[in-house]
>>> print(open('entry.cif').read())   # mmCIF, C-alpha atoms
data_coords
loop_
_atom_site.label_atom_id
_atom_site.label_comp_id
_atom_site.auth_asym_id
_atom_site.auth_seq_id
_atom_site.Cartn_x
_atom_site.Cartn_y
_atom_site.Cartn_z
CA MET A 47 0.00 0.00 0.00
CA GLN A 48 1.17 3.54 -0.66
CA ASP A 49 3.05 5.30 2.10
CA GLN A 50 2.14 8.92 2.78
CA THR A 51 5.48 10.28 1.53
CA TYR A 52 3.49 12.77 -0.55
CA ASP A 53 2.74 14.59 2.72
CA ARG A 54 6.39 15.68 3.09
CA VAL A 55 5.75 19.05 1.48
CA ARG A 56 6.03 22.27 3.44
CA ALA A 57 3.86 25.21 2.37
CA VAL A 58 4.56 28.82 3.28
CA VAL A 59 1.76 31.39 3.10
CA ARG A 60 2.79 35.05 3.30
CA GLY A 61 -0.35 36.69 4.66
CA GLY A 62 -1.51 40.24 5.09
CA THR A 63 -4.41 42.24 3.73
CA ALA A 64 -4.74 41.01 0.15
CA PRO A 65 -8.40 40.27 -0.78
CA PHE A 66 -9.83 37.36 -2.74
CA SER A 67 -11.37 38.23 -6.11
CA GLY A 68 -12.39 36.71 -9.44
CA GLU A 69 -14.14 33.51 -10.48
CA LEU A 70 -13.47 29.86 -9.72
CA ILE A 71 -14.59 26.50 -11.01
CA SER A 72 -13.53 24.13 -8.23
CA PRO A 73 -12.62 20.50 -8.98
CA GLY A 74 -15.29 17.96 -9.85
CA ASP A 75 -17.29 16.76 -6.87
CA LYS A 76 -15.36 13.98 -5.14
CA SER A 77 -18.36 12.10 -3.73
CA ILE A 78 -20.17 12.12 -7.08
CA SER A 79 -16.98 11.15 -8.94
CA HIS A 80 -16.55 8.00 -6.83
CA ARG A 81 -20.13 6.95 -7.44
CA ALA A 82 -20.07 7.78 -11.16
CA LEU A 83 -17.12 5.45 -11.68
CA ILE A 84 -18.60 2.66 -9.54
CA PHE A 85 -22.00 2.79 -11.24
CA ALA A 86 -20.32 2.94 -14.67
CA SER A 87 -18.44 -0.24 -13.78
CA LEU A 88 -21.79 -1.98 -13.14
CA CYS A 89 -23.32 -0.86 -16.44
CA ASN A 90 -23.39 -2.78 -19.68
CA GLY A 91 -21.55 -0.84 -22.35
CA THR A 92 -19.61 2.40 -22.53
CA SER A 93 -19.87 5.34 -20.14
CA LYS A 94 -18.23 8.71 -20.72
CA ILE A 95 -17.59 10.81 -17.59
CA THR A 96 -16.15 14.33 -17.68
CA GLY A 97 -15.20 16.76 -14.94
CA LEU A 98 -14.03 14.10 -12.48
CA SER A 99 -12.22 15.09 -9.32
CA SER A 100 -8.48 15.01 -10.01
CA GLY A 101 -7.56 14.15 -6.42
CA ARG A 102 -5.79 11.01 -5.25
CA ASP A 103 -9.00 9.55 -3.80
CA VAL A 104 -10.76 9.36 -7.15
CA LYS A 105 -7.61 8.19 -8.93
CA ALA A 106 -7.62 5.29 -6.46
CA THR A 107 -11.16 4.44 -7.58
CA TYR A 108 -10.38 3.97 -11.24
CA LYS A 109 -7.15 2.13 -10.40
CA LEU A 110 -9.11 -0.26 -8.17
CA LEU A 111 -11.78 -0.82 -10.82
CA SER A 112 -9.05 -1.51 -13.36
CA ALA A 113 -7.63 -4.13 -11.00
CA LEU A 114 -11.08 -5.76 -11.07
CA GLY A 115 -10.91 -6.06 -14.84
CA VAL A 116 -12.96 -2.99 -15.74
CA ASP A 117 -11.64 -1.07 -18.77
CA VAL A 118 -11.13 2.51 -17.52
CA VAL A 119 -9.40 4.78 -20.03
CA ARG A 120 -8.36 8.35 -19.25
CA ASP A 121 -8.29 10.78 -22.15
CA SER A 122 -4.77 11.77 -21.09
CA VAL A 123 -2.48 11.23 -18.12
CA ASP A 124 -3.83 14.21 -16.15
CA SER A 125 -7.30 14.17 -17.65
CA THR A 126 -10.50 14.50 -15.65
CA SER A 127 -12.38 12.73 -18.46
CA VAL A 128 -12.58 8.95 -18.64
CA THR A 129 -14.26 6.27 -20.70
CA VAL A 130 -15.47 3.18 -18.83
CA ASN A 131 -16.17 0.04 -20.84
CA ALA A 132 -17.99 -2.42 -18.59
CA LYS A 133 -19.68 -5.80 -18.94
CA GLY A 134 -22.55 -5.48 -16.50
CA LEU A 135 -23.30 -6.81 -13.04
CA ARG A 136 -21.00 -9.82 -13.26
CA GLY A 137 -18.19 -8.10 -15.11
CA TYR A 138 -15.67 -7.99 -12.26
CA LYS A 139 -12.78 -10.46 -12.24
CA GLU A 140 -11.26 -11.84 -9.06
CA PRO A 141 -8.00 -9.90 -8.63
CA SER A 142 -4.65 -11.58 -8.06
CA ARG A 143 -3.56 -8.92 -5.57
CA ILE A 144 -4.86 -6.84 -2.67
CA LEU A 145 -7.03 -3.88 -3.71
CA ASP A 146 -5.64 -0.51 -2.62
CA VAL A 147 -8.08 2.29 -1.69
CA ASP A 148 -5.14 4.59 -0.80
CA ASN A 149 -6.61 7.26 1.54
CA SER A 150 -10.27 6.97 0.51
CA GLY A 151 -12.76 5.90 3.18
CA THR A 152 -15.59 6.38 0.68
CA LEU A 153 -14.02 3.89 -1.72
CA LEU A 154 -13.34 1.37 1.05
CA ARG A 155 -16.90 1.40 2.33
CA LEU A 156 -18.75 1.57 -0.98
CA MET A 157 -16.73 -1.24 -2.55
CA THR A 158 -17.19 -3.40 0.54
CA GLY A 159 -20.91 -3.17 -0.20
CA VAL A 160 -20.57 -3.89 -3.92
CA LEU A 161 -18.12 -6.79 -3.60
CA SER A 162 -20.18 -8.53 -0.91
CA GLY A 163 -22.54 -9.77 -3.62
CA VAL A 164 -19.96 -10.47 -6.36
CA ASP A 165 -18.43 -13.92 -6.93
CA GLY A 166 -14.81 -14.05 -5.82
CA HIS A 167 -12.40 -13.27 -3.02
CA PHE A 168 -11.37 -9.66 -2.45
CA VAL A 169 -9.13 -7.91 0.08
CA LEU A 170 -9.38 -4.14 0.56
CA THR A 171 -6.89 -2.00 2.43
CA GLY A 172 -5.20 1.37 2.21
CA ASP A 173 -2.76 3.74 3.87
CA SER A 174 -2.01 4.25 7.56
CA SER A 175 -5.16 6.34 8.00
CA ILE A 176 -7.48 3.84 6.32
CA VAL A 177 -6.52 0.95 8.60
CA LYS A 178 -7.78 3.00 11.56
CA ARG A 179 -11.18 3.86 10.07
CA PRO A 180 -14.17 2.10 11.74
CA MET A 181 -15.70 -0.56 9.48
CA MET A 182 -18.13 -2.44 11.71
CA ARG A 183 -20.82 0.16 10.93
CA VAL A 184 -20.73 -1.25 7.36
CA VAL A 185 -19.72 -4.85 8.02
CA ALA A 186 -22.39 -5.64 10.63
CA PRO A 187 -25.44 -4.75 8.49
CA LEU A 188 -23.88 -6.38 5.42
CA ARG A 189 -23.54 -9.59 7.43
CA GLU A 190 -27.28 -9.35 8.09
CA LEU A 191 -27.74 -9.65 4.31
CA GLY A 192 -25.58 -12.78 4.38
CA ALA A 193 -22.23 -11.24 3.46
CA THR A 194 -19.05 -13.11 4.33
CA ILE A 195 -16.62 -10.47 5.55
CA ASP A 196 -13.62 -10.63 7.85
CA GLY A 197 -10.79 -8.34 8.84
CA ARG A 198 -8.78 -7.13 11.78
CA GLU A 199 -10.74 -7.24 15.04
CA TYR A 200 -13.33 -9.53 13.40
CA GLY A 201 -13.98 -7.07 10.58
CA ALA A 202 -13.93 -3.81 12.53
CA LEU A 203 -10.77 -2.61 10.80
CA ALA A 204 -9.07 -2.96 7.42
CA PRO A 205 -7.64 -4.93 5.74
CA ILE A 206 -11.14 -6.18 4.93
CA ALA A 207 -11.47 -9.63 3.34
CA ILE A 208 -14.65 -10.38 1.39
CA ARG A 209 -15.85 -13.70 0.00
CA GLY A 210 -18.62 -12.67 -2.37
CA THR A 211 -21.76 -14.71 -1.86
CA ALA A 212 -25.50 -14.79 -2.53
CA LEU A 213 -27.20 -12.09 -0.46
CA LYS A 214 -30.80 -11.88 0.72
CA GLY A 215 -32.59 -8.58 1.10
CA LYS A 216 -34.02 -7.40 4.42
CA GLU A 217 -34.64 -4.25 6.43
CA LEU A 218 -31.50 -2.52 7.68
CA ASP A 219 -30.87 0.44 9.96
CA THR A 220 -27.74 2.56 9.56
CA GLN A 221 -25.81 2.64 12.83
CA VAL A 222 -24.55 6.19 12.33
CA PRO A 223 -25.72 9.02 10.05
CA SER A 224 -23.37 8.36 7.13
CA ALA A 225 -23.83 8.54 3.37
CA GLN A 226 -20.97 6.09 3.00
CA VAL A 227 -22.70 3.48 5.16
CA LYS A 228 -26.08 4.04 3.53
CA SER A 229 -24.57 3.81 0.05
CA ALA A 230 -22.69 0.60 0.84
CA LEU A 231 -25.94 -1.04 1.94
CA ILE A 232 -27.89 0.23 -1.08
CA LEU A 233 -25.21 -1.05 -3.45
CA ALA A 234 -25.20 -4.46 -1.75
CA GLY A 235 -28.99 -4.47 -1.97
CA LEU A 236 -28.76 -4.28 -5.77
CA PHE A 237 -27.19 -7.75 -5.66
CA ALA A 238 -29.43 -9.20 -2.92
CA GLU A 239 -32.35 -11.50 -3.65
CA GLY A 240 -35.69 -9.80 -3.02
CA THR A 241 -36.11 -6.39 -1.39
CA THR A 242 -33.64 -4.41 0.69
CA LEU A 243 -34.81 -1.46 2.78
CA VAL A 244 -32.22 0.91 4.21
CA ARG A 245 -33.43 3.17 7.01
CA GLU A 246 -31.50 6.28 8.08
CA ARG A 247 -32.49 8.25 11.16
CA ILE A 248 -31.01 11.53 9.90
CA ARG A 249 -30.83 12.35 6.20
CA THR A 250 -27.41 12.30 4.60
CA ARG A 251 -26.20 13.32 1.15
CA SER A 252 -28.21 11.55 -1.53
CA HIS A 253 -25.78 11.05 -4.44
CA THR A 254 -26.32 7.28 -4.58
CA GLU A 255 -30.08 7.78 -4.78
CA GLU A 256 -29.54 10.37 -7.54
CA PHE A 257 -27.69 7.74 -9.56
CA LEU A 258 -30.46 5.21 -8.99
CA ALA A 259 -32.93 7.69 -10.47
CA TYR A 260 -30.64 8.75 -13.31
CA LEU A 261 -29.99 5.16 -14.42
CA GLY A 262 -33.60 4.08 -14.05
CA ILE A 263 -32.85 1.54 -11.32
CA ASP A 264 -35.96 0.43 -9.43
CA HIS A 265 -36.08 2.11 -6.02
CA LYS A 266 -38.36 4.00 -3.67
CA ILE A 267 -37.61 6.81 -1.20
CA GLU A 268 -39.95 7.65 1.67
CA PRO A 269 -39.32 10.51 4.15
CA LYS A 270 -39.53 9.44 7.80
CA ASP A 271 -39.37 12.35 10.27
CA GLU A 272 -35.80 13.69 9.96
CA GLY A 273 -34.66 10.59 8.09
CA ARG A 274 -35.87 8.42 5.24
CA GLU A 275 -36.20 4.88 3.96
CA ILE A 276 -34.68 3.76 0.66
CA THR A 277 -35.95 0.54 -0.88
CA VAL A 278 -34.19 -1.29 -3.73
CA GLN A 279 -34.77 -4.55 -5.56
CA GLN A 280 -32.22 -7.02 -6.86
CA MET A 281 -31.20 -5.88 -10.32
CA SER A 282 -32.06 -8.47 -12.96
CA SER A 283 -30.14 -6.64 -15.68
CA ALA A 284 -27.45 -3.99 -15.83
CA PRO A 285 -28.22 -0.38 -16.76
CA LYS A 286 -26.83 0.90 -20.04
CA GLY A 287 -23.73 3.05 -20.15
CA PHE A 288 -24.20 6.79 -19.73
CA LYS A 289 -22.69 10.20 -20.40
CA LEU A 290 -22.26 12.51 -17.44
CA SER A 291 -20.57 15.79 -16.53
CA ILE A 292 -19.66 16.05 -12.84
CA PRO A 293 -20.57 19.36 -11.11
CA SER A 294 -17.99 21.29 -9.09
CA ASP A 295 -17.37 20.27 -5.50
CA PRO A 296 -18.94 22.57 -2.85
CA SER A 297 -16.73 21.06 -0.14
CA GLN A 298 -13.59 22.18 -1.99
CA ALA A 299 -15.07 25.59 -2.79
CA ALA A 300 -15.86 25.99 0.93
CA PHE A 301 -12.25 26.88 1.78
CA PHE A 302 -12.18 29.82 -0.61
CA ILE A 303 -15.73 30.83 0.33
CA GLY A 304 -14.41 31.07 3.87
CA GLY A 305 -11.45 33.13 2.72
CA VAL A 306 -13.75 35.60 0.95
CA LEU A 307 -16.03 35.99 3.97
CA ILE A 308 -13.21 36.79 6.43
CA THR A 309 -11.15 39.10 4.20
CA PRO A 310 -12.27 42.75 3.72
CA GLY A 311 -12.71 43.81 0.11
CA SER A 312 -13.17 40.25 -1.19
CA GLU A 313 -15.72 39.13 -3.78
CA VAL A 314 -15.66 35.85 -5.75
CA THR A 315 -18.12 33.96 -7.96
CA PHE A 316 -18.00 30.17 -7.64
CA LYS A 317 -19.24 28.50 -10.82
CA GLN A 318 -21.16 25.28 -11.55
CA LEU A 319 -21.28 24.06 -7.94
CA TYR A 320 -23.37 21.10 -6.87
CA LEU A 321 -26.16 22.60 -4.75
CA GLY A 322 -28.30 19.56 -4.04
CA GLU A 323 -29.70 18.26 -0.78
CA GLY A 324 -27.17 17.32 1.84
CA ARG A 325 -24.26 19.40 0.52
CA ASP A 326 -25.39 22.99 1.07
CA ALA A 327 -25.88 22.77 4.83
CA TYR A 328 -22.70 24.70 5.56
CA ILE A 329 -23.93 27.50 3.27
CA SER A 330 -27.11 27.72 5.35
CA VAL A 331 -25.01 28.03 8.50
CA LEU A 332 -22.85 30.77 6.97
CA ARG A 333 -25.95 32.70 5.92
CA ARG A 334 -27.23 32.36 9.46
CA MET A 335 -23.96 33.94 10.58
CA GLY A 336 -24.62 36.91 8.27
CA ALA A 337 -22.69 35.82 5.18
CA ARG A 338 -23.56 37.57 1.92
CA ILE A 339 -24.00 34.62 -0.43
CA ASP A 340 -26.27 34.90 -3.45
CA GLU A 341 -27.00 32.01 -5.77
CA CYS A 342 -28.12 31.51 -9.35
CA ARG A 343 -29.26 27.97 -10.01
CA SER A 344 -28.93 26.33 -13.41
CA ASP A 345 -31.64 24.33 -15.10
CA MET A 346 -31.93 20.93 -13.42
CA ASP A 347 -29.85 18.30 -15.20
CA VAL A 348 -28.92 15.11 -13.36
CA PHE A 349 -27.76 17.18 -10.38
CA SER A 350 -28.87 20.47 -8.90
CA LYS A 351 -26.11 23.01 -9.54
CA GLY A 352 -25.50 26.71 -9.93
CA ASP A 353 -23.24 29.68 -9.17
CA LEU A 354 -22.59 31.33 -5.80
CA MET A 355 -21.66 35.01 -5.53
CA VAL A 356 -19.85 35.57 -2.22
CA LYS A 357 -18.73 38.84 -0.63
CA TYR A 358 -16.82 39.77 2.52
CA SER A 359 -19.24 39.89 5.45
CA LYS A 360 -19.37 40.90 9.08
CA LEU A 361 -20.26 37.64 10.78
CA ARG A 362 -21.81 36.69 14.10
CA GLY A 363 -21.57 33.49 16.09
CA THR A 364 -24.18 30.76 15.90
CA GLU A 365 -25.08 27.34 17.26
CA ILE A 366 -24.83 24.24 15.06
CA ARG A 367 -27.17 21.52 16.29
CA ALA A 368 -26.30 17.82 16.27
CA ASN A 369 -28.92 17.03 13.64
CA GLU A 370 -27.26 19.55 11.27
CA VAL A 371 -23.81 17.97 11.52
CA PRO A 372 -24.23 15.00 9.11
CA GLY A 373 -24.88 17.49 6.30
CA LEU A 374 -21.74 19.55 7.01
CA ILE A 375 -19.38 17.11 8.72
CA ASP A 376 -16.59 17.81 6.22
CA GLU A 377 -16.95 21.57 6.63
CA VAL A 378 -16.75 21.75 10.45
CA PRO A 379 -13.02 22.68 10.45
CA LEU A 380 -13.65 25.43 7.88
CA LEU A 381 -16.71 26.75 9.74
CA ALA A 382 -14.67 26.80 12.95
CA THR A 383 -11.95 28.75 11.12
CA VAL A 384 -14.48 31.31 9.87
CA ALA A 385 -16.07 31.52 13.34
CA CYS A 386 -12.81 32.93 14.73
CA PHE A 387 -13.63 36.15 12.83
CA ALA A 388 -17.29 36.30 13.91
CA SER A 389 -18.48 38.40 16.80
CA GLY A 390 -19.62 36.21 19.67
CA THR A 391 -19.48 32.48 20.25
CA THR A 392 -20.04 29.62 17.84
CA VAL A 393 -20.78 26.15 19.23
CA PHE A 394 -20.87 22.84 17.35
CA HIS A 395 -22.77 19.96 18.96
CA GLY A 396 -22.62 16.23 18.19
CA ILE A 397 -19.37 16.19 16.22
CA GLU A 398 -17.93 12.91 17.56
CA GLU A 399 -17.75 11.48 14.04
CA LEU A 400 -14.88 13.89 13.31
CA ARG A 401 -12.64 11.67 15.41
CA THR A 402 -12.83 8.92 12.75
CA LYS A 403 -11.60 10.97 9.78
CA GLU A 404 -8.09 11.22 8.27
CA SER A 405 -7.05 12.62 11.65
CA ASP A 406 -8.88 13.11 14.91
CA ARG A 407 -10.35 16.23 13.35
CA ILE A 408 -11.61 17.64 16.63
CA SER A 409 -8.17 17.72 18.24
CA THR A 410 -6.34 18.73 15.05
CA THR A 411 -8.80 21.57 14.41
CA VAL A 412 -8.40 22.82 17.98
CA GLU A 413 -4.61 22.61 17.78
CA MET A 414 -4.48 24.37 14.41
CA LEU A 415 -6.71 27.26 15.51
CA GLU A 416 -4.90 27.66 18.83
CA ARG A 417 -1.59 27.95 16.97
CA PHE A 418 -3.04 31.01 15.23
CA GLY A 419 -4.10 32.48 18.58
CA ALA A 420 -7.81 31.68 18.42
CA ARG A 421 -9.86 30.92 21.53
CA VAL A 422 -11.29 27.46 20.99
CA ARG A 423 -11.96 24.39 23.12
CA SER A 424 -13.70 21.02 22.96
CA ASP A 425 -15.06 18.46 25.38
CA GLY A 426 -14.78 15.65 22.83
CA SER A 427 -18.29 15.84 21.42
CA SER A 428 -18.72 19.60 20.99
CA LEU A 429 -16.54 22.48 19.86
CA ARG A 430 -16.68 26.10 21.07
CA VAL A 431 -15.10 29.02 19.25
CA ASP A 432 -15.04 32.43 20.96
CA GLY A 433 -14.86 34.73 17.97
CA ASP A 434 -13.78 38.32 17.53
CA SER A 435 -14.63 40.49 14.52
CA GLU A 436 -11.20 42.13 14.91
CA PHE A 437 -9.32 38.83 15.24
CA SER A 438 -5.79 38.98 13.80
CA PRO A 439 -4.13 35.54 13.47
CA LYS A 440 -0.54 35.09 14.62
CA THR A 441 2.04 33.73 12.22
CA CYS A 442 3.03 30.25 13.28
CA SER A 443 4.02 26.76 12.21
CA VAL A 444 1.12 24.32 11.79
CA GLN A 445 1.13 20.53 11.48
CA SER A 446 -1.54 19.10 9.16
CA TYR A 447 -1.17 15.53 10.50
CA GLY A 448 -1.68 14.35 6.92
CA ASP A 449 -5.26 15.66 6.89
CA HIS A 450 -6.09 17.57 3.71
CA ARG A 451 -8.90 19.62 5.26
CA ILE A 452 -6.76 20.77 8.19
CA ALA A 453 -3.99 21.77 5.76
CA MET A 454 -6.35 23.82 3.57
CA CYS A 455 -8.04 25.48 6.55
CA ALA A 456 -4.61 26.49 7.83
CA ALA A 457 -3.75 27.99 4.43
CA ILE A 458 -6.93 30.10 4.47
CA MET A 459 -6.35 31.26 8.05
CA ALA A 460 -2.74 32.10 7.14
CA THR A 461 -3.87 34.60 4.47
CA ARG A 462 -5.00 36.87 7.34
CA ALA A 463 -1.79 36.55 9.37
CA LYS A 464 0.72 39.36 8.79
CA GLY A 465 3.83 37.39 7.88
CA ASP A 466 4.91 33.87 6.98
CA THR A 467 2.94 30.85 8.19
CA VAL A 468 4.50 27.41 7.67
CA ILE A 469 2.20 24.42 7.10
CA GLU A 470 3.92 21.04 7.47
CA ASP A 471 2.95 17.96 5.43
CA PHE A 472 0.93 20.07 3.02
CA GLY A 473 1.16 17.49 0.23
CA CYS A 474 -1.82 15.69 1.75
CA VAL A 475 -4.10 18.16 -0.07
CA GLU A 476 -3.55 15.96 -3.15
CA THR A 477 -6.08 13.60 -1.58
CA SER A 478 -8.93 15.84 -2.70
CA TYR A 479 -7.64 19.10 -4.22
CA ASP A 480 -4.32 18.74 -6.02
CA ASN A 481 -4.63 22.20 -7.63
CA PHE A 482 -5.42 24.00 -4.39
CA MET A 483 -2.37 26.28 -4.44
CA GLU A 484 -2.85 27.13 -8.12
CA ASP A 485 -6.49 28.09 -7.52
CA MET A 486 -5.49 30.06 -4.44
CA ALA A 487 -3.01 32.02 -6.57
CA THR A 488 -5.81 32.75 -9.06
CA LEU A 489 -8.09 34.25 -6.40
CA TRP A 490 -5.65 35.74 -3.87
CA SER A 491 -2.81 38.13 -4.64
CA GLY A 492 -0.71 37.21 -1.62
CA GLU A 493 2.40 35.03 -1.90
CA THR A 494 2.64 31.27 -1.37
CA PHE A 495 5.36 28.75 -2.06
CA THR A 496 6.19 25.14 -1.24
CA ALA A 497 9.39 23.26 -0.47
#
>>> encode(input="entry.cif", output="structure tokens")
Amino acid sequence: MQDQTYDRVRAVVRGGTAPFSGELISPGDKSISHRALIFASLCNGTSKITGLSSGRDVKATYKLLSALGVDVVRDSVDSTSVTVNAKGLRGYKEPSRILDVDNSGTLLRLMTGVLSGVDGHFVLTGDSSIVKRPMMRVVAPLRELGATIDGREYGALAPIAIRGTALKGKELDTQVPSAQVKSALILAGLFAEGTTLVRERIRTRSHTEEFLAYLGIDHKIEPKDEGREITVQQMSSAPKGFKLSIPSDPSQAAFFIGGVLITPGSEVTFKQLYLGEGRDAYISVLRRMGARIDECRSDMDVFSKGDLMVKYSKLRGTEIRANEVPGLIDEVPLLATVACFASGTTVFHGIEELRTKESDRISTTVEMLERFGARVRSDGSSLRVDGDSEFSPKTCSVQSYGDHRIAMCAAIMATRAKGDTVIEDFGCVETSYDNFMEDMATLWSGETFTA
């Protein structure tokens, strides 16, 4: 498996008063990119996908599918356009080697669901972060369908070993609010005899359901209080190949949206962003804090998307409830960064899931913000930021701990510090946003360099 030597990059951000300005098309949405490739691999025929995320996570997906015998052809070495030639539901071949998900928890969990119902023996593992990610939340309900799965600590941790077998549909409850868990169970349900019902207590991002609708796969969605139930049937035949353009990733745009909001004189338009359910929750929170964010939605295609016009804003603290967190879990570090510049206190509740990410994102967020001089603390399940509209970050040295979101939050905070901020192990941003520094240079006239 790949070692995280790519992290050994040091970034220096020379901050000050320079504003953010211009327009940006952020990389293709990472969550949608994973699913587009996986669904294309289950189709019968040729699929053409453009605008894919160029990060390491999505590259790991098409490498893994290639190892399973799926013909995935990139238009060029660095291209975000691929052609997938697939042979339907039984088109995977048993690999002769261990399958590497690199740093992608999404890939690990979704493919555990898919491979549970596919003939063959498969072993999934990844880097030093992946082997710490909790897997029983996926493995336990898959075993209820009849899946044969093992791994470290009886399947709680990767490497995960799967012996594909005949599955039988039943009703399943997700153990935690997680689109990855829900999606793994839905994908397994497509291979399970009869009907599979997946019940989530709190709604999570619905990209897998969007693909079910787009490809005409039999399913039903019923709202249930704050959650919903998704019902799927065993697929008797594979969908046909498709053509799809991936919208821009709102989670990657979030960093620069934050930079605009905290920097006087800033104004940026973010183009072609995915704005569907489950991904715009952080935008709602920012608006609640007083952010000036206007949107212009495009005509509905496969996905809801549009442009956001963002301007510097005087912000105020707010309270983020536990039931809001599943829809903005990836943006908590960025929201906490922005909250340092808001008048009053911002409190996040029910954020325990952050401890199971690429780093313990509660402790690494607290450490990063404290290094800049912010007043922040956590009791392990909540996070409190005492903001100040006149906050001026200190220059410092920050450790990313190999976590791409911590590294990018530190870079945004550093733009407001008067002097040089050093961010260690900055190469981890390649996981999701390999052009982050180039895009930052497009929008921000301050100076950055890496070594």
>>> resolve_selection(input="entry.cif", expression="the PyMOL selection byres ((chain A and resi 321) around 12)", output="ChimeraX atom specification")
/A:75,251-253,293-297,299,316-320,322-330,341-354
>>> resolve_selection(input="entry.cif", expression="the PyMOL selection byres ((chain A and resi 215) around 8)", output="PyMOL selection string")
chain A and resi 191+213-214+216-217+235+238-243
>>> resolve_selection(input="entry.cif", expression="the PyMOL selection byres ((chain A and resi 185) around 9)", output="ChimeraX atom specification")
/A:155,158-159,181-184,186-190,193,195-196,201-202
>>> atom_distance(input="entry.cif", atom1="CA of Gln298 in chain A", atom2="CA of Lys76 in chain A")
9.0 Å
>>> atom_distance(input="entry.cif", atom1="CA of Val331 in chain A", atom2="CA of Pro65 in chain A")
22.6 Å
>>> closest_residue(input="entry.cif", among="A:Asp425, A:Asp148, A:Glu436, A:Glu275", to="Glu476 in chain A", atoms="only C-alpha atoms")
A:Asp148
>>> residues_around(input="entry.cif", residues="Thr441 in chain A", least_positions_apart="6", cutoff="9 Å", atoms="only C-alpha atoms", output="PyMOL selection string")
chain A and resi 61+417-419+460+463-468
>>> write_last_selection(input="entry.cif", atoms="C-alpha atoms", output="CSV table (one decimal), in the frame of the given file")
chain,number,residue,atom,x,y,z
A,61,GLY,CA,-0.4,36.7,4.7
A,417,ARG,CA,-1.6,28.0,17.0
A,418,PHE,CA,-3.0,31.0,15.2
A,419,GLY,CA,-4.1,32.5,18.6
A,460,ALA,CA,-2.7,32.1,7.1
A,463,ALA,CA,-1.8,36.6,9.4
A,464,LYS,CA,0.7,39.4,8.8
A,465,GLY,CA,3.8,37.4,7.9
A,466,ASP,CA,4.9,33.9,7.0
A,467,THR,CA,2.9,30.8,8.2
A,468,VAL,CA,4.5,27.4,7.7
>>> residues_near_point(input="entry.cif", point="(-20.2, 44.5, 9.2)", cutoff="12 Å", atoms="all atoms listed in the file", output="PyMOL selection string")
chain A and resi 307-311+335-338+357-362+387-389+435-436
>>> atom_distance(input="entry.cif", atom1="CA of Arg60 in chain A", atom2="CA of Ala385 in chain A")
21.7 Å
>>> residues_around(input="entry.cif", residues="range 137-147 of chain A", least_positions_apart="4", cutoff="9 Å", atoms="all atoms listed in the file", output="compact mmCIF listing (two decimals) with C-alpha atoms, in the frame of the given file")
# COMPACT_ATOMS: atom_id res chain seq x y z
CA MET A 47 0.00 0.00 0.00
CA GLN A 48 1.17 3.54 -0.66
CA SER A 87 -18.44 -0.24 -13.78
CA LEU A 88 -21.79 -1.98 -13.14
CA CYS A 89 -23.32 -0.86 -16.44
CA ASN A 90 -23.39 -2.78 -19.68
CA ASP A 103 -9.00 9.55 -3.80
CA ALA A 106 -7.62 5.29 -6.46
CA THR A 107 -11.16 4.44 -7.58
CA LYS A 109 -7.15 2.13 -10.40
CA LEU A 110 -9.11 -0.26 -8.17
CA LEU A 111 -11.78 -0.82 -10.82
CA ALA A 113 -7.63 -4.13 -11.00
CA LEU A 114 -11.08 -5.76 -11.07
CA GLY A 115 -10.91 -6.06 -14.84
CA VAL A 116 -12.96 -2.99 -15.74
CA ALA A 132 -17.99 -2.42 -18.59
CA LYS A 133 -19.68 -5.80 -18.94
CA GLY A 151 -12.76 5.90 3.18
CA THR A 152 -15.59 6.38 0.68
CA LEU A 153 -14.02 3.89 -1.72
CA LEU A 154 -13.34 1.37 1.05
CA VAL A 164 -19.96 -10.47 -6.36
CA ASP A 165 -18.43 -13.92 -6.93
CA GLY A 166 -14.81 -14.05 -5.82
CA HIS A 167 -12.40 -13.27 -3.02
CA PHE A 168 -11.37 -9.66 -2.45
CA VAL A 169 -9.13 -7.91 0.08
CA LEU A 170 -9.38 -4.14 0.56
CA THR A 171 -6.89 -2.00 2.43
CA GLY A 172 -5.20 1.37 2.21
CA ASP A 173 -2.76 3.74 3.87
CA ILE A 176 -7.48 3.84 6.32
>>> closest_residue(input="entry.cif", among="A:Asp485, A:Glu199, A:Glu313, A:Asp117", to="Val130 in chain A", atoms="all atoms listed in the file")
A:Asp117
>>> residues_around(input="entry.cif", residues="Phe302 in chain A", least_positions_apart="2", cutoff="9 Å", atoms="only C-alpha atoms", output="PyMOL selection string")
chain A and resi 66+298-300+304-307+314+458+486+489
>>> closest_residue(input="entry.cif", among="A:Ser125, A:Gln226, A:Ser99, A:Thr496", to="Ser478 in chain A", atoms="only C-alpha atoms")
A:Ser99
>>> closest_residue(input="entry.cif", among="A:Val244, A:Ile232, A:Val222, A:Leu161", to="Ala207 in chain A", atoms="only C-alpha atoms")
A:Leu161
>>> axis_aligned_box(input="entry.cif", around="range 469-476 of chain A", padding_each_side="8 Å", output="AutoDock Vina command-line options")
--center_x -0.1 --center_y 20.1 --center_z 2.2 --size_x 24.0 --size_y 24.7 --size_z 26.6
>>> closest_residue(input="entry.cif", among="A:Thr383, A:Leu135, A:Thr477, A:Glu398", to="Val431 in chain A", atoms="only C-alpha atoms")
A:Thr383
>>> closest_residue(input="entry.cif", among="A:Asn131, A:Ser283, A:Asn481, A:Thr364", to="Arg333 in chain A", atoms="all atoms listed in the file")
A:Thr364
